[in-house]
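J.: Dumping the structure here so I can ask a few things about it.
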Amino acid sequence: AAAYLKVQPLFLFPAEWISARMEDIDRQTLDHVPGFQDEAVLRLRIKSLAEFDVIDSLADIRTPTLLVSAKDDMLVPAHCSAVLAQGLPSAGHVQFAWGGHAVNVTDPDGFNQSLLQFLEARAFVPASSPIQ
């Protein structure tokens with residue numbers, strides 16, 4: 001678990017972001033080790049993700065969806081989000097120039113602004129709203 005958590009930031013964040021926050025990342029890594037999933041669960045999660053393929057069903061998915069990607073994402077390349085955006089009839093796609101896989105962490109203001117714009121453009125009404 002410790003080794004996995006130690007390298008995980010490399011897949012989530014841009015190098016300069018990591019460098020500026022190494023002490024915090026190291027501290028968070030130590031905090032996460034005790035509650036980390038066991039190896040069997042991790043392997044099953046990876047297997048499920050590797051085997052999941054929805055490409056042939058994209059046109060059937062009508063739920064408004066915002067795809068967020070970053071050009072420097074090493075975990076899920078940005079072109080994957082572009083493929084999904086083309087196939088989903090109700091998709092929006094925001095591509096950040098920088099931010100890595102966890103762009104919501106590295107650029108929270110940009111991420112939040114994009115999300116709010118997407119929701120406002122679709123006149124989003126929460127399920128708990130009295131408006132029908």
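Labels for the structure tokens follow display order: chains A, B, ..., residues from 1 in each chain, ligands from 1.
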Using only C-alpha atoms, which residues sit within 7 Å of Ala1 of chain A once same-chain residues fewer than 2 positions away are excluded, as number ranges by chain?
T.: A: 3-5, 33, 36
J.: Report the residues of segment 15-128 of chain A whose backbone DSSP state falls under helix (DSSP H, G or I), written as number ranges by chain.
T.: A: 15-20, 22-32, 39-51, 55-60, 78-87, 103-106, 108-121
J.: Using backbone DSSP assignments, extract all strand (DSSP E or B) residues from chain A; output them as a list in words.
T.: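 Selecting the strand (DSSP E or B) positions of chain A gives Thr65, Leu66, Leu67, Val68, Ser69, Ala70, Ala91, Gly92, His93, Val94, Gln95 and Phe96 of chain A.
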J.: Mind giving me the straight-line distance from atom CA of Thr65 of chain A to atom CA of Gln95 of chain A in Å, one decimal?
T.: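 That distance, rounded to one decimal, is 14.0 Å.
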J.: Identify, on the basis of only C-alpha atoms, every residue whose closest approach to Asp26 of chain A does not exceed 8 Å; exclude the query and any residue fewer than 4 positions from it along the same chain; express the result as a list in words.
T.: Lys6, Met22 and Leu30 of chain A
J.: For Ala82 of chain A, please output as an MDAnalysis selection string all residues within 10 Å (counting only C-alpha atoms; exclusion window: fewer than 3 positions along the same chain).
T.: chainID A and resid 67:69 77:79 85:87 92:95
J.: When you count only C-alpha atoms, which of these residues is closest to Asp38 of chain A: A:Ile18, A:Val83, A:Ala102, A:Ala2?
T.: A:Ala2
